[in-house]
Structures are given as C-alpha cells and as structure tokens.
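Reproduced below: entry_10.pdb, with PDB, C-alpha atoms.
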```
ATOM      1  CA  MET A 113      42.963 -14.540 -16.549
ATOM      2  CA  VAL A 114      40.461 -11.948 -15.346
ATOM      3  CA  ASN A 115      37.645 -13.785 -17.139
ATOM      4  CA  GLN A 116      38.675 -17.045 -15.514
ATOM      5  CA  GLU A 117      38.599 -15.426 -12.031
ATOM      6  CA  HIS A 118      35.194 -13.921 -12.805
ATOM      7  CA  GLY A 119      33.942 -17.336 -13.950
ATOM      8  CA  GLU A 120      35.224 -19.007 -10.768
ATOM      9  CA  GLU A 121      33.551 -16.370  -8.599
ATOM     10  CA  ARG A 122      30.243 -16.952 -10.371
ATOM     11  CA  SER A 123      30.505 -20.720 -10.089
ATOM     12  CA  SER A 124      31.215 -20.447  -6.324
ATOM     13  CA  LYS A 125      28.108 -18.318  -5.837
ATOM     14  CA  THR A 126      26.013 -20.806  -7.814
ATOM     15  CA  THR A 127      27.381 -23.688  -5.724
ATOM     16  CA  ILE A 128      26.702 -21.905  -2.418
ATOM     17  CA  ILE A 129      23.154 -20.916  -3.433
ATOM     18  CA  SER A 130      22.377 -24.413  -4.766
ATOM     19  CA  VAL A 131      23.605 -26.108  -1.574
ATOM     20  CA  LEU A 132      21.653 -23.647   0.589
ATOM     21  CA  VAL A 133      18.442 -24.193  -1.415
ATOM     22  CA  VAL A 134      18.755 -27.993  -1.140
ATOM     23  CA  MET A 135      19.488 -27.756   2.607
ATOM     24  CA  ALA A 136      16.497 -25.422   3.129
ATOM     25  CA  ALA A 137      14.231 -27.814   1.200
ATOM     26  CA  ILE A 138      15.413 -30.796   3.278
ATOM     27  CA  GLY A 139      15.002 -28.803   6.500
ATOM     28  CA  ALA A 140      11.479 -27.668   5.528
ATOM     29  CA  ALA A 141      10.478 -31.229   4.576
ATOM     30  CA  ILE A 142      11.727 -32.610   7.930
ATOM     31  CA  VAL A 143       9.890 -29.894   9.871
ATOM     32  CA  LEU A 144       6.640 -30.371   7.914
ATOM     33  CA  ILE A 145       6.683 -34.171   8.281
ATOM     34  CA  SER A 146       7.769 -34.358  11.923
ATOM     35  CA  SER A 147       5.877 -31.453  13.557
ATOM     36  CA  PRO A 148       2.173 -30.670  14.026
ATOM     37  CA  THR A 149       2.418 -27.487  11.900
ATOM     38  CA  ASN A 150      -1.367 -27.243  11.592
ATOM     39  CA  ARG A 151      -1.551 -26.546  15.352
ATOM     40  CA  LEU A 152       0.313 -23.281  14.720
ATOM     41  CA  LEU A 153      -2.413 -22.068  12.377
ATOM     42  CA  GLY A 154      -5.216 -22.559  14.896
ATOM     43  CA  GLU A 155      -8.629 -24.168  14.702
ATOM     44  CA  SER A 156     -10.331 -21.477  12.635
ATOM     45  CA  LEU A 157     -11.817 -22.250   9.222
ATOM     46  CA  TYR A 158     -10.032 -19.167   7.934
ATOM     47  CA  SER A 159      -6.617 -19.946   9.392
ATOM     48  CA  ILE A 160      -4.969 -20.414   5.991
ATOM     49  CA  ARG A 161      -6.067 -17.065   4.526
ATOM     50  CA  SER A 162      -5.266 -15.404   7.833
ATOM     51  CA  ALA A 163      -1.771 -16.948   7.804
ATOM     52  CA  PHE A 164      -1.156 -15.820   4.213
ATOM     53  CA  HIS A 165      -2.301 -12.269   4.941
ATOM     54  CA  GLY A 166       0.033 -12.177   7.952
ATOM     55  CA  LEU A 167       2.867 -13.706   5.937
ATOM     56  CA  PHE A 168       2.601 -11.112   3.172
ATOM     57  CA  ALA A 169       2.216  -8.286   5.682
ATOM     58  CA  GLY A 170       5.439  -9.540   7.283
ATOM     59  CA  ILE A 171       7.215  -9.556   3.921
ATOM     60  CA  LEU A 172       5.806  -6.084   3.260
ATOM     61  CA  MET A 173       7.291  -4.888   6.546
ATOM     62  CA  VAL A 174      10.720  -5.896   5.193
ATOM     63  CA  THR A 175      10.233  -4.367   1.721
ATOM     64  CA  MET A 176       8.705  -1.146   3.119
ATOM     65  CA  THR A 177      11.631  -0.790   5.531
ATOM     66  CA  ILE A 178      14.066  -1.202   2.638
ATOM     67  CA  GLY A 179      11.971   1.393   0.748
ATOM     68  CA  LEU A 180      12.285   3.781   3.707
ATOM     69  CA  TYR A 181      16.063   3.314   3.726
ATOM     70  CA  GLN A 182      16.205   3.957  -0.027
ATOM     71  CA  ALA A 183      14.032   7.048   0.501
ATOM     72  CA  PHE A 184      16.506   8.295   3.081
ATOM     73  CA  ARG A 185      19.377   7.774   0.610
ATOM     74  CA  MET A 186      17.468   9.603  -2.123
ATOM     75  CA  TRP A 187      16.663  12.437   0.240
ATOM     76  CA  MET A 188      20.266  12.793   1.451
ATOM     77  CA  GLY A 189      21.799  12.538  -2.011
ATOM     78  CA  PRO A 190      24.473   9.776  -2.144
ATOM     79  CA  ALA A 191      24.944   7.846  -5.409
ATOM     80  CA  LEU A 192      22.076   5.460  -6.182
ATOM     81  CA  ASN A 193      22.090   1.901  -7.471
ATOM     82  CA  ILE A 194      19.187   2.208  -9.919
ATOM     83  CA  ARG A 195      18.950  -1.507 -10.738
ATOM     84  CA  GLU A 196      18.651  -2.301  -7.035
ATOM     85  CA  LEU A 197      16.015   0.429  -6.625
ATOM     86  CA  GLU A 198      13.978  -0.873  -9.572
ATOM     87  CA  ILE A 199      13.867  -4.472  -8.351
ATOM     88  CA  GLY A 200      13.183  -3.424  -4.748
ATOM     89  CA  SER A 201      10.354  -1.065  -5.676
ATOM     90  CA  ILE A 202       8.660  -3.614  -7.971
ATOM     91  CA  VAL A 203       8.800  -6.277  -5.235
ATOM     92  CA  ASN A 204       7.436  -3.711  -2.768
ATOM     93  CA  ALA A 205       4.507  -2.746  -5.024
ATOM     94  CA  VAL A 206       3.596  -6.353  -5.884
ATOM     95  CA  THR A 207       3.769  -7.434  -2.224
ATOM     96  CA  CYS A 208       1.616  -4.457  -1.248
ATOM     97  CA  PHE A 209      -1.017  -5.394  -3.840
ATOM     98  CA  VAL A 210      -1.088  -9.073  -2.787
ATOM     99  CA  THR A 211      -1.342  -8.124   0.912
ATOM    100  CA  ILE A 212      -4.332  -5.866   0.188
ATOM    101  CA  VAL A 213      -6.068  -8.540  -1.910
ATOM    102  CA  LEU A 214      -5.541 -11.103   0.880
ATOM    103  CA  GLY A 215      -6.744  -8.504   3.398
ATOM    104  CA  ASN A 216      -9.965  -8.105   1.394
ATOM    105  CA  TRP A 217     -10.407 -11.865   1.350
ATOM    106  CA  LEU A 218      -9.910 -12.010   5.122
ATOM    107  CA  TYR A 219     -12.277  -9.095   5.682
ATOM    108  CA  ILE A 220     -15.216 -11.333   4.663
ATOM    109  CA  PRO A 221     -15.010 -13.597   7.747
ATOM    110  CA  TYR A 222     -14.091 -10.556   9.881
ATOM    111  CA  ARG A 223     -17.461  -8.983   8.970
ATOM    112  CA  ALA A 224     -19.434 -12.231   9.264
ATOM    113  CA  ALA A 225     -22.260 -12.465  11.805
ATOM    114  CA  THR A 226     -20.072 -14.459  14.213
ATOM    115  CA  GLY A 227     -16.782 -12.785  13.270
ATOM    116  CA  PRO A 228     -14.515 -10.462  15.261
ATOM    117  CA  ARG A 229     -16.429  -7.345  14.112
ATOM    118  CA  ALA A 230     -19.633  -8.526  15.771
ATOM    119  CA  HIS A 231     -17.654  -9.532  18.858
ATOM    120  CA  PHE A 232     -16.015  -6.098  19.136
ATOM    121  CA  LEU A 233     -19.276  -4.227  18.530
ATOM    122  CA  GLN A 234     -20.787  -6.115  21.471
ATOM    123  CA  THR A 235     -17.850  -5.995  23.869
ATOM    124  CA  ALA A 236     -15.634  -3.033  22.918
ATOM    125  CA  PRO A 237     -17.124  -1.057  19.976
ATOM    126  CA  GLU A 238     -14.240   1.437  19.822
ATOM    127  CA  VAL A 239     -11.833  -1.335  18.780
ATOM    128  CA  HIS A 240     -13.742  -1.743  15.529
ATOM    129  CA  LYS A 241     -15.194   1.732  15.104
ATOM    130  CA  ILE A 242     -11.941   3.594  15.623
ATOM    131  CA  PHE A 243      -8.898   1.380  15.373
ATOM    132  CA  PHE A 244      -9.952  -1.240  12.830
ATOM    133  CA  GLU A 245     -11.692   1.252  10.574
ATOM    134  CA  PHE A 246      -8.622   3.495  10.537
ATOM    135  CA  LYS A 247      -6.421   0.461   9.842
ATOM    136  CA  GLU A 248      -8.501  -0.747   6.896
ATOM    137  CA  PHE A 249      -8.266   2.637   5.170
ATOM    138  CA  THR A 250      -4.639   3.513   5.888
ATOM    139  CA  ALA A 251      -3.697   0.099   4.467
ATOM    140  CA  LEU A 252      -5.298   1.108   1.153
ATOM    141  CA  LEU A 253      -3.345   4.380   1.002
ATOM    142  CA  THR A 254      -0.076   2.467   0.691
ATOM    143  CA  LEU A 255      -0.822   1.023  -2.768
ATOM    144  CA  PRO A 256      -1.035   4.236  -4.852
ATOM    145  CA  LEU A 257       2.007   5.594  -3.030
ATOM    146  CA  VAL A 258       4.262   2.598  -3.700
ATOM    147  CA  VAL A 259       2.997   2.204  -7.276
ATOM    148  CA  ALA A 260       3.729   5.887  -7.978
ATOM    149  CA  ALA A 261       7.214   5.519  -6.425
ATOM    150  CA  THR A 262       7.869   2.413  -8.537
ATOM    151  CA  TYR A 263       6.723   4.247 -11.658
ATOM    152  CA  LEU A 264       9.083   7.154 -10.994
ATOM    153  CA  ILE A 265      12.022   4.836 -10.314
ATOM    154  CA  CYS A 266      11.418   2.684 -13.411
ATOM    155  CA  ARG A 267      10.534   5.543 -15.758
ATOM    156  CA  TYR A 268      13.335   7.922 -14.869
ATOM    157  CA  GLY A 269      16.078   5.406 -13.942
ATOM    158  CA  THR A 270      19.494   7.058 -13.898
ATOM    159  CA  ARG A 271      17.922  10.531 -14.146
ATOM    160  CA  LEU A 272      16.998  10.118 -10.477
ATOM    161  CA  SER A 273      20.687  10.455  -9.619
ATOM    162  CA  PHE A 274      20.831  13.944 -11.115
ATOM    163  CA  SER A 275      17.349  15.366 -10.543
ATOM    164  CA  LYS A 276      16.666  16.645  -7.042
ATOM    165  CA  PRO A 277      12.879  17.144  -7.544
ATOM    166  CA  LEU A 278      12.502  13.549  -8.785
ATOM    167  CA  ARG A 279      14.484  12.193  -5.836
ATOM    168  CA  GLU A 280      12.424  14.259  -3.407
ATOM    169  CA  MET A 281       9.112  13.132  -4.911
ATOM    170  CA  THR A 282      10.112   9.457  -4.857
ATOM    171  CA  ALA A 283      11.500   9.706  -1.326
ATOM    172  CA  LEU A 284       8.328  11.411  -0.103
ATOM    173  CA  LEU A 285       6.117   8.709  -1.637
ATOM    174  CA  LEU A 286       8.158   5.924  -0.018
ATOM    175  CA  MET A 287       8.271   7.656   3.364
ATOM    176  CA  LEU A 288       4.510   8.212   3.407
ATOM    177  CA  ALA A 289       3.889   4.627   2.290
ATOM    178  CA  PHE A 290       5.973   3.404   5.237
ATOM    179  CA  PHE A 291       4.076   5.693   7.619
ATOM    180  CA  TYR A 292       0.639   4.380   6.540
ATOM    181  CA  PHE A 293       1.898   0.813   6.441
ATOM    182  CA  VAL A 294       3.168   0.959  10.035
ATOM    183  CA  ILE A 295      -0.228   2.215  11.236
ATOM    184  CA  ALA A 296      -2.072  -0.555   9.371
ATOM    185  CA  PHE A 297       0.391  -3.247  10.408
ATOM    186  CA  GLY A 298       0.458  -2.213  14.074
ATOM    187  CA  LEU A 299      -3.303  -1.891  14.405
ATOM    188  CA  GLY A 300      -3.862  -5.134  12.475
ATOM    189  CA  ALA A 301      -1.548  -7.006  14.824
ATOM    190  CA  ALA A 302      -3.190  -5.450  17.892
ATOM    191  CA  VAL A 303      -6.729  -6.264  16.735
ATOM    192  CA  THR A 304      -5.726  -9.843  15.845
ATOM    193  CA  LYS A 305      -4.245 -10.222  19.315
ATOM    194  CA  LEU A 306      -7.620  -9.265  20.833
ATOM    195  CA  LYS A 307      -9.694 -11.552  18.577
ATOM    196  CA  ALA A 308      -8.445 -13.480  15.581
ATOM    197  CA  VAL A 309     -10.571 -14.398  12.550
TER
ATOM    198  CA  MET B 126      20.871  29.456 -18.729
ATOM    199  CA  THR B 127      20.113  26.297 -20.711
ATOM    200  CA  LYS B 128      16.560  25.572 -21.796
ATOM    201  CA  ARG B 129      15.184  22.212 -20.621
ATOM    202  CA  THR B 130      13.771  19.847 -23.230
ATOM    203  CA  ASN B 131      10.420  18.095 -22.808
ATOM    204  CA  LEU B 132      12.265  14.900 -21.953
ATOM    205  CA  GLU B 133      14.000  16.629 -19.045
ATOM    206  CA  LYS B 134      10.797  17.996 -17.560
ATOM    207  CA  ASN B 135       9.121  16.265 -14.630
ATOM    208  CA  GLY B 136       5.479  16.541 -15.714
ATOM    209  CA  ALA B 137       4.929  12.778 -15.915
ATOM    210  CA  ALA B 138       6.320  12.404 -12.393
ATOM    211  CA  GLN B 139       4.076  15.187 -11.113
ATOM    212  CA  ALA B 140       1.074  13.478 -12.729
ATOM    213  CA  ALA B 141       1.839  10.203 -10.893
ATOM    214  CA  PHE B 142       2.493  12.143  -7.682
ATOM    215  CA  LEU B 143      -0.767  14.107  -7.749
ATOM    216  CA  GLY B 144      -2.819  11.202  -9.120
ATOM    217  CA  CYS B 145      -2.103   9.060  -6.082
ATOM    218  CA  MET B 146      -3.013  11.929  -3.745
ATOM    219  CA  LEU B 147      -6.362  12.335  -5.566
ATOM    220  CA  GLY B 148      -7.036   8.595  -5.169
ATOM    221  CA  CYS B 149      -6.357   8.811  -1.420
ATOM    222  CA  LEU B 150      -8.506  11.924  -1.074
ATOM    223  CA  THR B 151     -11.348  10.210  -2.946
ATOM    224  CA  LEU B 152     -11.229   7.303  -0.511
ATOM    225  CA  ALA B 153     -11.605   9.705   2.411
ATOM    226  CA  LEU B 154     -14.412  11.708   0.796
ATOM    227  CA  VAL B 155     -16.377   8.644  -0.326
ATOM    228  CA  ASN B 156     -16.031   7.202   3.162
ATOM    229  CA  LEU B 157     -17.354  10.437   4.643
ATOM    230  CA  GLY B 158     -20.215  10.398   2.126
ATOM    231  CA  THR B 159     -21.253   6.902   3.213
ATOM    232  CA  GLU B 160     -21.412   8.105   6.820
ATOM    233  CA  VAL B 161     -23.584  11.054   5.849
ATOM    234  CA  SER B 162     -26.059   9.457   3.460
ATOM    235  CA  GLU B 163     -27.597   5.986   3.504
ATOM    236  CA  ALA B 164     -28.560   6.291  -0.187
ATOM    237  CA  PHE B 165     -24.970   7.145  -1.123
ATOM    238  CA  LYS B 166     -23.749   4.210   0.983
ATOM    239  CA  ASN B 167     -26.052   1.851  -0.934
ATOM    240  CA  THR B 168     -24.855   3.287  -4.255
ATOM    241  CA  VAL B 169     -21.218   2.808  -3.234
ATOM    242  CA  HIS B 170     -21.950  -0.780  -2.231
ATOM    243  CA  TYR B 171     -23.714  -1.352  -5.547
ATOM    244  CA  ILE B 172     -20.650  -0.051  -7.438
ATOM    245  CA  GLY B 173     -18.486  -2.396  -5.391
ATOM    246  CA  LYS B 174     -20.717  -5.364  -6.244
ATOM    247  CA  LEU B 175     -20.420  -4.531  -9.938
ATOM    248  CA  SER B 176     -16.649  -4.464  -9.891
ATOM    249  CA  MET B 177     -15.314  -6.741  -7.182
ATOM    250  CA  PRO B 178     -15.701 -10.471  -6.502
ATOM    251  CA  GLY B 179     -16.843 -11.135  -2.928
ATOM    252  CA  ALA B 180     -18.137  -7.572  -2.549
ATOM    253  CA  GLU B 181     -21.272  -8.797  -0.763
ATOM    254  CA  GLY B 182     -19.081 -10.013   2.097
ATOM    255  CA  ILE B 183     -17.094  -6.836   2.579
ATOM    256  CA  GLY B 184     -19.945  -4.364   2.173
ATOM    257  CA  PRO B 185     -19.514  -0.739   0.992
ATOM    258  CA  TYR B 186     -15.756  -1.070   1.521
ATOM    259  CA  SER B 187     -15.654  -2.708  -1.929
ATOM    260  CA  GLY B 188     -17.219   0.374  -3.560
ATOM    261  CA  LYS B 189     -14.905   2.730  -1.677
ATOM    262  CA  GLU B 190     -11.926   0.782  -3.009
ATOM    263  CA  THR B 191     -13.358   0.765  -6.545
ATOM    264  CA  LEU B 192     -14.078   4.500  -6.631
ATOM    265  CA  SER B 193     -10.710   5.348  -5.120
ATOM    266  CA  LEU B 194      -8.933   3.113  -7.633
ATOM    267  CA  GLY B 195     -10.924   4.627 -10.513
ATOM    268  CA  VAL B 196     -10.142   8.222  -9.519
ATOM    269  CA  TRP B 197      -6.487   7.397  -8.847
ATOM    270  CA  LEU B 198      -5.905   5.787 -12.258
ATOM    271  CA  GLY B 199      -8.251   8.155 -14.121
ATOM    272  CA  SER B 200      -6.680  11.312 -12.694
ATOM    273  CA  TRP B 201      -3.176   9.923 -13.237
ATOM    274  CA  PHE B 202      -4.029   9.278 -16.898
ATOM    275  CA  THR B 203      -5.623  12.708 -17.348
ATOM    276  CA  LEU B 204      -2.815  14.571 -15.597
ATOM    277  CA  HIS B 205      -0.267  12.589 -17.583
ATOM    278  CA  ARG B 206      -1.905  13.743 -20.815
ATOM    279  CA  ILE B 207      -1.830  17.331 -19.598
ATOM    280  CA  LEU B 208       1.672  17.335 -18.141
ATOM    281  CA  ARG B 209       3.684  14.953 -20.319
ATOM    282  CA  THR B 210       5.349  17.749 -22.285
ATOM    283  CA  GLY B 211       5.535  20.288 -19.500
ATOM    284  CA  GLU B 212       5.563  20.639 -15.752
ATOM    285  CA  TRP B 213       4.036  22.701 -12.974
ATOM    286  CA  ASN B 214       5.888  24.575 -10.280
ATOM    287  CA  SER B 215       7.521  21.945  -8.031
ATOM    288  CA  ARG B 216       6.808  23.762  -4.779
ATOM    289  CA  LEU B 217       3.144  24.177  -5.666
ATOM    290  CA  VAL B 218       2.910  20.462  -6.489
ATOM    291  CA  TYR B 219       4.503  19.515  -3.126
ATOM    292  CA  VAL B 220       2.140  21.805  -1.225
ATOM    293  CA  VAL B 221      -0.972  20.506  -3.033
ATOM    294  CA  PHE B 222       0.150  16.900  -2.532
ATOM    295  CA  LEU B 223       0.956  17.265   1.169
ATOM    296  CA  VAL B 224      -2.197  19.248   1.969
ATOM    297  CA  GLY B 225      -4.298  16.685   0.059
ATOM    298  CA  MET B 226      -2.703  13.781   1.917
ATOM    299  CA  ALA B 227      -3.156  15.568   5.254
ATOM    300  CA  ILE B 228      -6.870  16.164   4.539
ATOM    301  CA  ALA B 229      -7.314  12.538   3.445
ATOM    302  CA  THR B 230      -5.607  11.199   6.582
ATOM    303  CA  THR B 231      -7.548  13.502   8.894
ATOM    304  CA  LEU B 232     -10.857  12.623   7.247
ATOM    305  CA  LEU B 233     -10.098   8.919   7.598
ATOM    306  CA  TRP B 234      -9.614   9.147  11.369
ATOM    307  CA  PRO B 235     -12.967   7.782  12.616
ATOM    308  CA  PRO B 236     -13.650  10.324  15.422
ATOM    309  CA  VAL B 237     -13.249  13.121  12.830
ATOM    310  CA  ILE B 238     -15.508  11.288  10.344
ATOM    311  CA  HIS B 239     -18.216  10.797  12.976
ATOM    312  CA  TRP B 240     -17.927  14.396  14.136
ATOM    313  CA  THR B 241     -18.046  15.766  10.559
ATOM    314  CA  ALA B 242     -20.968  13.516   9.647
ATOM    315  CA  HIS B 243     -22.778  14.702  12.773
ATOM    316  CA  LEU B 244     -22.068  18.310  11.784
ATOM    317  CA  LEU B 245     -23.338  17.776   8.229
ATOM    318  CA  THR B 246     -26.467  15.827   9.046
ATOM    319  CA  GLY B 247     -27.289  17.334  12.423
ATOM    320  CA  SER B 248     -28.157  13.899  13.807
TER
END
```
Represent the supplied structure as structure tokens.
Amino acid sequence: MVNQEHGEERSSKTTIISVLVVMAAIGAAIVLISSPTNRLLGESLYSIRSAFHGLFAGILMVTMTIGLYQAFRMWMGPALNIRELEIGSIVNAVTCFVTIVLGNWLYIPYRAATGPRAHFLQTAPEVHKIFFEFKEFTALLTLPLVVAATYLICRYGTRLSFSKPLREMTALLLMLAFFYFVIAFGLGAAVTKLKAV
Amino acid sequence: MTKRTNLEKNGAAQAAFLGCMLGCLTLALVNLGTEVSEAFKNTVHYIGKLSMPGAEGIGPYSGKETLSLGVWLGSWFTLHRILRTGEWNSRLVYVVFLVGMAIATTLLWPPVIHWTAHLLTGS
C-alpha cells in the first residue's frame, strides 16, 4: 500500500515535470520564431560571447547566493542535507569555472585596439585602471574558494554535521567566495553599462 | 579524553583551505611584480602564452592566472601530503588564512598596487 502511494507520487512528479518541459520548449520555440531575438543581443561582433558570459554570471549569482545561505546554516549549526550540499557546491564550482573561461574569452575584444579598454583609457582612465582591474582579479579569487568548499563538502560528507571546524572552514570559504563574486559581478555590470564589448 | 584517529583529523581540509589562500596571494604578488618590473611582466606574459590558448589577446593576465593556478594546486598537493595524517592548530590556520586573504585583497586594489609599485621603484 505504502509502495503504491510512493509509486503514484513519483509518477505525478514525472508527469508534471514532463508537461512543464514540453510547454517550456513550445514557448521558447514560439518566442524564437516570432520575435527579433537577435536585436536583444546588439550589433556587436562579440554579442554572443558577451551574452553567454552574462548568462553564466547570472546563474552564478543564484548558485553563490544559495552557497551563502548554506554557509549561514553551517555556521549556525542546524542539521545539514549533505546530498543537497554536494550537488549545490558542484554546480557552483562548475558554473564559476565556466564563467571565468567565458570572461577570459570576452577579455580579448575588451583589450582590442578599438575595445572598451582603449575607450576608457582615453575618456575615463580610472574606470579601467581601478574598477575593471579590481573586478578582473576578484573574479579569479572565487574559483579556488568554491573548489575548496566543494572538496570539503564532498570529501567529508556527513562528518560536516558533527565537526565544527569543518563547518566553519566550509562556511568561511563560501562566504568569501560570495563577497568576491559580488564585487566582480557589480563592477562588471557597471562597466558594461558604460561601454559594452 | 578519547584520542582522535587519522581519519578524524582535519589536515586534508586545512590543506585545501590554505592552498586556496596561497593561490590568491600569488595572484596579488605576481600582479604587483608586473607593475614593478617590465622584465617580470614579459616573463609572466610568456608563461601565459605557453599555457593558455588566446593568451596573446589577454596579455600578462594569462600568465598571472597560470602562476596563481599552479601555486594553488601545487601548494594544495604539497600541504595535503604533509597534513593528510595530522592537522595543525585550527585557530592558527584560520588566522593565517584570513591574514593571507586580507593581504591578497589589499594588494589587488589598484590604488594600493600603484602606490606600492611607486614606493618600490621610486618612479
């Protein structure tokens, strides 16, 4: 009886997710066919890589925020869902890596002779020399921090629930990663608003 | 008082913790070095070109990333070998980590870099 109820619950979830996926695919197809989506990306030759970097930075904002919440839980001490932590931290680390790789790729046109860097150095040098330079380095600091946090979560698993030093170390890594990410994200958005690639 | 086994010690965690701080600190120090010396800047760029596709387009930044990555992973590996069956004092590890991160962050703030470079080179 219990097994039957469990089976029904699972089949309902599968049905709901399947219907939602099909509806999302139909919706996306209608939007892509009927709207000038390319106009949203802009005229730039580098609009696609710029859009992908922004997209992954946006996803990273979500995963880093979840990481910060998990850090708060680890710091305060309530019971942890290790499986949830493991999946979340792996997604966070992978997204962070992809965002940095895409950022590197986008940095090439940024530094080009006619790119935003040259524009800023001519019109407002401090935008590049202070804000962009700080952004490009703080962004890199996030990767070792989230990878170390992921390692601790995956290596120690349930031991995290009982070991205060491990929880504190992991929480600290995730909190610092969020701090550096917010600086990089905020400055990146501000610089892009002044002059996009 | 019960004695903790090697498996219960946090040495591997401390190695990961300190390794990432050393990677961050390396980034800050290499960046400072490139501001101070043109020859060092060229060397860093050369290292970047050896290790990273598209390094020509992103300049010495590629070498800074490479060196930071190398020190991060290398120091993590080394510390892991040293600490895997033991552990250091937790408070000392926190202090070293936080001070290292604070130095790295301060050294990455461009006005401080420019001021320090000016102080070191006198120009």
Quiz item: Leaving out Leu192 in chain A and any residue of its chain fewer than 3 positions from it, which residues lie within 10 Å of it when counting all atoms listed in the file, given as a PyMOL selection string?
Solution: chain A and resi 182+185-186+189+195-197+269-270+272-274
Exercise. Please identify every residue of chain A that has at least one atom no more than 9 Å from any atom of chain B, counting all atoms listed in the file, and report them as a ChimeraX atom specification.
Key: /A:216-217,219-224,241-243,245-246,249-250,252-253,255-257,259-261,263-264,267-268,271,277-278,281-282,285
Practice problem: Show which residues sit within 9 Å of Gly136 in chain B, as a list of chain:residue names. Count only C-alpha atoms, and ignore same-chain residues fewer than 6 positions away. | Solution: B:Leu204, B:His205, B:Ile207, B:Leu208, B:Arg209, B:Thr210, B:Gly211, B:Glu212, B:Trp213
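Picked by the PyMOL selection byres ((chain A and resi 307) around 12) from the coordinates shown: Ser156, Tyr222, Thr226, Gly227, Pro228, Arg229, Ala230, His231, Phe232, Thr235, Ala236, Val239, His240, Phe244, Gly300, Ala301, Ala302, Val303, Thr304, Lys305, Leu306, Ala308 and Val309 of chain A.
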Quiz item: In Å to one decimal, how far is CA of His165 in chain A from CA of Gly200 in chain A?
Solution: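 Taking CA of Gly200 in chain A as the start and CA of His165 in chain A as the end point, the length is 20.3 Å.
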Quiz prompt | Coordinates-based distance that separates CA of Ser201 in chain A from CA of Thr262 in chain A (Å, one decimal) | solution = 5.1 Å
Quiz item: Got a sec: who's within 7 Å of range 179-181 of chain A, counting all atoms listed in the file, leaving out chain neighbours fewer than 4 positions off, as a list in words?
Solution: Thr175, Arg185, Leu286, Met287 and Phe290 of chain A
Exercise. Excluding range 167-172 of chain A and any residue of its chain fewer than 5 positions from it, enumerate the residues within 12 Å of it, using only C-alpha atoms, and give them as number ranges by chain.
Key: A: 153, 159-162, 177-180, 200-215, 251, 254-255, 258, 289-290, 293-294, 296-298, 300-301
Exercise. Please indicate the distance in Å from CA of His170 in chain B to CA of Glu248 in chain A, rounded to one decimal place.
Key: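 Here the two named atoms are 16.3 Å from each other.
Each of B:Asn214, B:Gly195, B:Pro185, B:Phe202 was compared to Glu163 in chain B using all atoms listed in the file, and B:Pro185 turns out to be the nearest.
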Each side padded by 6 Å, which centre and which edge lengths in Å (one decimal) define the axis-aligned box around the listed atoms of range 236-240 of chain A? Give them as lines of an AutoDock Vina configuration file.
```
center_x = -14.5
center_y = -0.8
center_z = 19.2
size_x = 17.3
size_y = 16.5
size_z = 19.4
```
Quiz item: So which one's closest to Lys174 in chain B, B:Thr241, B:Thr159, B:Thr203, B:Thr191? Using only C-alpha atoms, please.
Solution: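 The closest residue to Lys174 in chain B is B:Thr191.
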